[in-house]
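Take a look at the structure set out below.
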There are 2 protein chains.
Amino acid sequence: MASVKDVARLAGVSVATVSRVLNDSAPVTERTRERVLAAVAELGYRPNAVARSLRTDATGTIGLVIGDILNPFFTELARAAEDEARQRGYSVVIGNADERADLQDHYVRTLLERRVDGLLLCPTAEITSLVRDLVDDGLPLVFLDRTLPGLDVPTVRADGTAAIGALVAHLKGLGHRRVAFISGPALLSTGRERTDAFMVEMARHGLAVRPEYLESGDFQAASGRAATARLLDLPEPPEAIFAGDNLMALGALDEIRARGLAIPGDVALASYDDVPWFTHLDPPITAIAQPVRELGRRAVAALADRIAGGPVEPVELRARLVVRRSCGEPEREEGSGR
Amino acid sequence: MASVKDVARLAGVSVATVSRVLNDSAPVTERTRERVLAAVAELGYRPNAVARSLRTDATGTIGLVIGDILNPFFTELARAAEDEARQRGYSVVIGNADERADLQDHYVRTLLERRVDGLLLCPTAEITSLVRDLVDDGLPLVFLDRTLPGLDVPTVRADGTAAIGALVAHLKGLGHRRVAFISGPALLSTGRERTDAFMVEMARHGLAVRPEYLESGDFQAASGRAATARLLDLPEPPEAIFAGDNLMALGALDEIRARGLAIPGDVALASYDDVPWFTHLDPPITAIAQPVRELGRRAVAALADRIAGGPVEPVELRARLVVRRSCGEPEREEGSGR
DNA sequence: TTGTACGCGTTATCAC
DNA sequence: GTGATAACGCGTACAA
């Protein structure tokens with residue numbers, strides 16, 4: 001493949017001049033500029049980003065390690081991040097941790113070796129020594145969606161407390177008293193926070209939470225289904241089930257359907273995380289929607305600031321309740337959806 | 001960040017020896033090996049993949065340019081490709097063309113500049129000059145899911161003809177005669193092939209296709225919804241609608257629901273492309289499933305072969321019909337799902 | 001078994 | 001305005 005040298009030779013100038021033309025880093029005669037450009041076109045020259053990166057110590061690349069690429073939440077997050085990154089001239093290299101610490105570390109390692117300019121990380125539960133090193137090394141780092149305790153890293157996330165409060169009020173208003181929650185992993189900040197908020201809000205609304213109504217899963221569909229089975233097998237099953245993420249809600253849905261139960265007639269269902277197809281279910285699912293696209297954009301913006309050496313504030317957006325019809329809402333109360 | 005030089009100095013050896021230890025490219029005394037490894041650990045040395053790539057002229061990276069990252073088909077495809085690539089020691093850089101030729105070219109260009117070892121491309125409709133150059137340049141290239149006519153590039157894809165035939169037979173068996181098809185863009189090979197197969201199979205089964213029953217969309221939900229609206233507004237609407245991809249099926253579903261029509265009572269619905277949540281709809285959607293994960297794996301395998309300099313055969317897998325309950329199937333005919 | 005020295009393709013610093 | 005050249009970090013031919 002043609003290099004600057006070839007271009008220089010063909011244009012009858014030095015490599016320095018070629019570089020100057022290509023990056024217009026210094027004034028060049030119109031005549032030579034044309035000659036260089038002509039040579040570039042003739043040779044089909046493509047600058048070698050690898051060599052440039054070695055020289056400039058910047059790759060124009062940011063890493064994004066997400067929890068699970070099959071989870072629509074992360075997919076949309078990735079897309080939003082990529083849009084914003086492209087606009088800022090960055091490329092994004094995505095790593096899929098598949099909710100496993102070892103896979104997360106694998107990707108972090110290769111991203112480091114590839115010398116990404118910064119890293120967006122949705123950390124898995126465990127705080128690995130590699131992640132700790134990252135912080136110490138001073139690599140521009142921003143946590144996305146999830147936090148790790150005791151690490152001084154800016155985090156971009158959405159707070160769901162208010163929305164969960166709104167949901168609890170909504171359920172109570174609809175006459176539900178026995179509300180169950182399927183929480184995510186307690187090791188994940190998102191898992192913990194949603195559970196805490198649920199407990200607090202239930203108490204605040206004077207609703208008791210029986211211990212057997214507090215199930216827990218791993219943010220995957222299968223665990224949501226299993227938890228729902230246990231709940232429905234209870235001598236006195238809950239009137240409403242609130243799943244801690246969209247995949248567990250899917251599992252819950254399956255189990256309810258498999259038993260031939262009706263939503264919301266036999267049991268109400270609500271989900272943390274909204275996904276496009278919730279609108280298309282019958283009934284449409286009442287859910288708590290995170291501002292996913294803005295999360296992705298703001299995360300990239302924050303990282304870009306850190307890379308530029310500026311100070312970075314943590315970002316905390318707010319999730320909101322989207323009322324649909326899976327909790328026994330009267331016919332025309334449908335929310336705005338998305 | 002520490003380099004081989006630093007490691008060499010600390011270990012009291014030459015850079016060559018450090019390199020030898022790290023790649024065990026040549027025998028080294030156990031004693032020096034230990035010293036080097038100790039130095040590596042102490043300095044927290046991470047090899048610089050950028051420099052290595054410049055030297056070896058290989059990045060250990062493959063590019064994957066997909067049509068639309070929000071389409072579950074491509075998401076799953078990407079994940080499968082990534083799994084296979086990781087097992088083979090490659091990293092995948094994903095570019096999202098968003099079904100736009102200019103965005104596709106943008107990503108192809110940056111991937112080229114980053115010197116990916118090979119490229120997996122789901123080409124958009126138009127055959128751009130950049131893509132033509134790619135072929136001429138001899139960059140290891142494999143088309144995935146879609147082909148471009150007149151280009152000598154191995155393609156990994158799934159043929160849907162048999163499955164479409166099975167679907168037509170299935171619909172006919174269920175008593176449907178007026179079957180409509182919402183095709184994808186005729187410029188896309190996948191769009192064309194599905195339409196052709198539909199026409200051929202309808203004829204083969206002695207079913208006429210009225211011109212007004214042949215709608216076309218752009219593989220996005222909105223177009224599927226609009227096409228469905230036109231179909232349902234017909235003086236004599238079709239008894240069954242077959243959508244050319246999962247997103248257009250989603251749009252069709254919306255329009256049908258919005259009109260308060262019942263599936264399959266008022267109109268039957270089937271989709272090309274199966275997605276996990278089709279199972280969870282009521283009724284579950286009868287669909288044609290592509291072997292998505294195997295497509296991804298085989299594509300990476302083929303590309304790896306090309307990179308290694310071996311000959312590469314095109315791969316053609318088969319899609320299959322998954323019978324569920326959206327076409328008026330009797331209660332217990334449900335297929336195996338996925 | 002180990003060390004020295006060159007070159008990969010760029011950009012940047014210095015002269016001219 | 002332009003050209004020669006050093007340097008980025010690494011792998012490797014060649015020498016020792």
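All residue names refer to the structure tokens as shown: chains lettered A, B, ... in order, residues numbered from 1 in each chain, ligands numbered from 1 in order.
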Show me a table, sorted first by chain and then by increasing residue number, of the residues of chain B having an atom at most 7 Å from chain D, each with its shortest atom pair and the distance in Å to one decimal, counting only C-alpha atoms (C1' of nucleotides) and written as a tab-separated table.
residue	atom	partner	partner_atom	distance
B:Ser3	CA	D:DG9	C1'	6.8
B:Asn48	CA	D:DG9	C1'	6.8
B:Ala51	CA	D:DG9	C1'	5.0
B:Arg52	CA	D:DC10	C1'	5.0
B:Arg55	CA	D:DC10	C1'	6.3
Which residues of chain B come within 9 Å of chain A, and for each one, what is the closest pair of atoms and their distance in Å to one decimal, counting only C-alpha atoms, sorted by chain and residue number, as JSON lines?
{"residue": "B:Met1", "atom": "CA", "partner": "A:Asp137", "partner_atom": "CA", "distance": 8.5}
{"residue": "B:Gly44", "atom": "CA", "partner": "A:Asp133", "partner_atom": "CA", "distance": 8.7}
{"residue": "B:Arg46", "atom": "CA", "partner": "A:Glu113", "partner_atom": "CA", "distance": 6.2}
{"residue": "B:Pro47", "atom": "CA", "partner": "A:Glu113", "partner_atom": "CA", "distance": 5.9}
{"residue": "B:Asn48", "atom": "CA", "partner": "A:Glu113", "partner_atom": "CA", "distance": 5.2}
{"residue": "B:Ala49", "atom": "CA", "partner": "A:Arg114", "partner_atom": "CA", "distance": 5.0}
{"residue": "B:Val50", "atom": "CA", "partner": "A:Val50", "partner_atom": "CA", "distance": 5.8}
{"residue": "B:Ala51", "atom": "CA", "partner": "A:Leu54", "partner_atom": "CA", "distance": 6.1}
{"residue": "B:Ser53", "atom": "CA", "partner": "A:Val50", "partner_atom": "CA", "distance": 7.1}
{"residue": "B:Leu54", "atom": "CA", "partner": "A:Ala51", "partner_atom": "CA", "distance": 6.1}
{"residue": "B:Thr59", "atom": "CA", "partner": "A:Val50", "partner_atom": "CA", "distance": 8.7}
{"residue": "B:Ile69", "atom": "CA", "partner": "A:Arg79", "partner_atom": "CA", "distance": 7.0}
{"residue": "B:Leu70", "atom": "CA", "partner": "A:Glu76", "partner_atom": "CA", "distance": 7.0}
{"residue": "B:Pro72", "atom": "CA", "partner": "A:Leu70", "partner_atom": "CA", "distance": 8.5}
{"residue": "B:Thr75", "atom": "CA", "partner": "A:Leu70", "partner_atom": "CA", "distance": 7.2}
{"residue": "B:Glu76", "atom": "CA", "partner": "A:Leu70", "partner_atom": "CA", "distance": 7.0}
{"residue": "B:Arg79", "atom": "CA", "partner": "A:Ile69", "partner_atom": "CA", "distance": 7.0}
{"residue": "B:Glu82", "atom": "CA", "partner": "A:Asn96", "partner_atom": "CA", "distance": 8.6}
{"residue": "B:Ser91", "atom": "CA", "partner": "A:Thr110", "partner_atom": "CA", "distance": 8.3}
{"residue": "B:Val92", "atom": "CA", "partner": "A:Val93", "partner_atom": "CA", "distance": 7.7}
{"residue": "B:Val93", "atom": "CA", "partner": "A:Val93", "partner_atom": "CA", "distance": 5.5}
{"residue": "B:Ile94", "atom": "CA", "partner": "A:Val93", "partner_atom": "CA", "distance": 7.0}
{"residue": "B:Gly95", "atom": "CA", "partner": "A:Val92", "partner_atom": "CA", "distance": 8.6}
{"residue": "B:Asn96", "atom": "CA", "partner": "A:Arg79", "partner_atom": "CA", "distance": 8.3}
{"residue": "B:Tyr107", "atom": "CA", "partner": "A:Ser91", "partner_atom": "CA", "distance": 8.9}
{"residue": "B:Arg109", "atom": "CA", "partner": "A:Arg46", "partner_atom": "CA", "distance": 8.6}
{"residue": "B:Thr110", "atom": "CA", "partner": "A:Ser91", "partner_atom": "CA", "distance": 8.3}
{"residue": "B:Leu112", "atom": "CA", "partner": "A:Arg46", "partner_atom": "CA", "distance": 7.7}
{"residue": "B:Glu113", "atom": "CA", "partner": "A:Ala49", "partner_atom": "CA", "distance": 5.2}
{"residue": "B:Arg114", "atom": "CA", "partner": "A:Ala49", "partner_atom": "CA", "distance": 5.0}
{"residue": "B:Arg115", "atom": "CA", "partner": "A:Asn48", "partner_atom": "CA", "distance": 7.0}
{"residue": "B:Asp133", "atom": "CA", "partner": "A:Gly44", "partner_atom": "CA", "distance": 8.8}
{"residue": "B:Asp137", "atom": "CA", "partner": "A:Met1", "partner_atom": "CA", "distance": 8.5}
{"residue": "B:Leu250", "atom": "CA", "partner": "A:His280", "partner_atom": "CA", "distance": 7.8}
{"residue": "B:Leu253", "atom": "CA", "partner": "A:His280", "partner_atom": "CA", "distance": 7.4}
{"residue": "B:Asp254", "atom": "CA", "partner": "A:His280", "partner_atom": "CA", "distance": 6.5}
{"residue": "B:Arg257", "atom": "CA", "partner": "A:His280", "partner_atom": "CA", "distance": 8.3}
{"residue": "B:Trp277", "atom": "CA", "partner": "A:Leu250", "partner_atom": "CA", "distance": 8.1}
{"residue": "B:Thr279", "atom": "CA", "partner": "A:Asp254", "partner_atom": "CA", "distance": 8.7}
{"residue": "B:His280", "atom": "CA", "partner": "A:Asp254", "partner_atom": "CA", "distance": 6.5}
{"residue": "B:Leu281", "atom": "CA", "partner": "A:Leu281", "partner_atom": "CA", "distance": 5.9}
{"residue": "B:Asp282", "atom": "CA", "partner": "A:Asp282", "partner_atom": "CA", "distance": 6.5}
**Request:** Pick out each residue of range 1-151 of chain B that DSSP on the backbone tags as alpha helix (DSSP H); I need them as a VMD selection string.
**Result:** chain B and resid 4 to 11 15 to 22 30 to 43 49 to 56 72 to 87 101 to 113 129 to 137
**Message:** Residues of chain C were defined as contacting chain B if any atom lay at most 9 Å from it, counting only C-alpha atoms (C1' of nucleotides); please report them as number ranges by chain.
**Reply:** C: 1-3, 7-9
Can you spit out the residues from that selection as an mmCIF file, in the first residue's frame, using C-alpha atoms (C1' of nucleotides)?
data_model
loop_
_atom_site.group_PDB
_atom_site.id
_atom_site.type_symbol
_atom_site.label_atom_id
_atom_site.label_comp_id
_atom_site.auth_asym_id
_atom_site.auth_seq_id
_atom_site.Cartn_x
_atom_site.Cartn_y
_atom_site.Cartn_z
ATOM 1 C "C1'" DT C 1 21.745 -17.457 24.751
ATOM 2 C "C1'" DT C 2 22.064 -12.538 24.191
ATOM 3 C "C1'" DG C 3 22.904 -7.692 22.230
ATOM 4 C "C1'" DG C 7 12.996 -0.024 9.634
ATOM 5 C "C1'" DC C 8 7.771 0.006 9.737
ATOM 6 C "C1'" DG C 9 4.842 5.224 8.228
#
**Request:** Write down as an NGL selection string the residues belonging to range 5-172 of chain B that are assigned strand (DSSP E or B) by DSSP computed on the backbone.
**Result:** :B and (61-66 or 91-96 or 118-121 or 141-144 or 155-159)
Output file for the selection above: C-alpha atoms, as a PDB file, in the first residue's frame:
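Saved as result_23.pdb:
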ATOM      1  CA  THR B  61      -8.496  -6.569  14.056  1.00  0.00           C
ATOM      2  CA  ILE B  62     -11.326  -7.150  11.656  1.00  0.00           C
ATOM      3  CA  GLY B  63     -13.940  -4.641  10.639  1.00  0.00           C
ATOM      4  CA  LEU B  64     -17.631  -5.420  10.561  1.00  0.00           C
ATOM      5  CA  VAL B  65     -19.939  -2.965   8.865  1.00  0.00           C
ATOM      6  CA  ILE B  66     -23.580  -3.805   9.477  1.00  0.00           C
ATOM      7  CA  SER B  91     -10.920  -8.010  17.848  1.00  0.00           C
ATOM      8  CA  VAL B  92     -13.919  -6.701  15.967  1.00  0.00           C
ATOM      9  CA  VAL B  93     -14.506  -3.067  15.205  1.00  0.00           C
ATOM     10  CA  ILE B  94     -18.136  -2.510  14.349  1.00  0.00           C
ATOM     11  CA  GLY B  95     -19.361   0.190  12.031  1.00  0.00           C
ATOM     12  CA  ASN B  96     -23.057   0.985  11.806  1.00  0.00           C
ATOM     13  CA  GLY B 118      -9.939  -7.891   6.880  1.00  0.00           C
ATOM     14  CA  LEU B 119     -13.438  -6.627   6.431  1.00  0.00           C
ATOM     15  CA  LEU B 120     -16.882  -8.131   6.864  1.00  0.00           C
ATOM     16  CA  LEU B 121     -19.396  -6.056   4.999  1.00  0.00           C
ATOM     17  CA  LEU B 141     -13.202  -9.008   2.129  1.00  0.00           C
ATOM     18  CA  VAL B 142     -16.299 -11.078   2.744  1.00  0.00           C
ATOM     19  CA  PHE B 143     -19.871 -10.038   2.164  1.00  0.00           C
ATOM     20  CA  LEU B 144     -22.286 -10.982   4.885  1.00  0.00           C
ATOM     21  CA  THR B 155     -20.577 -14.095   0.377  1.00  0.00           C
ATOM     22  CA  VAL B 156     -21.896 -15.753   3.516  1.00  0.00           C
ATOM     23  CA  ARG B 157     -25.657 -15.796   3.517  1.00  0.00           C
ATOM     24  CA  ALA B 158     -28.789 -17.760   4.189  1.00  0.00           C
ATOM     25  CA  ASP B 159     -31.132 -18.753   1.418  1.00  0.00           C
TER      26      ASP B 159
END
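Interatomic distance, CA of Arg204 in chain A against CA of Arg192 in chain A: 18.2 Å.
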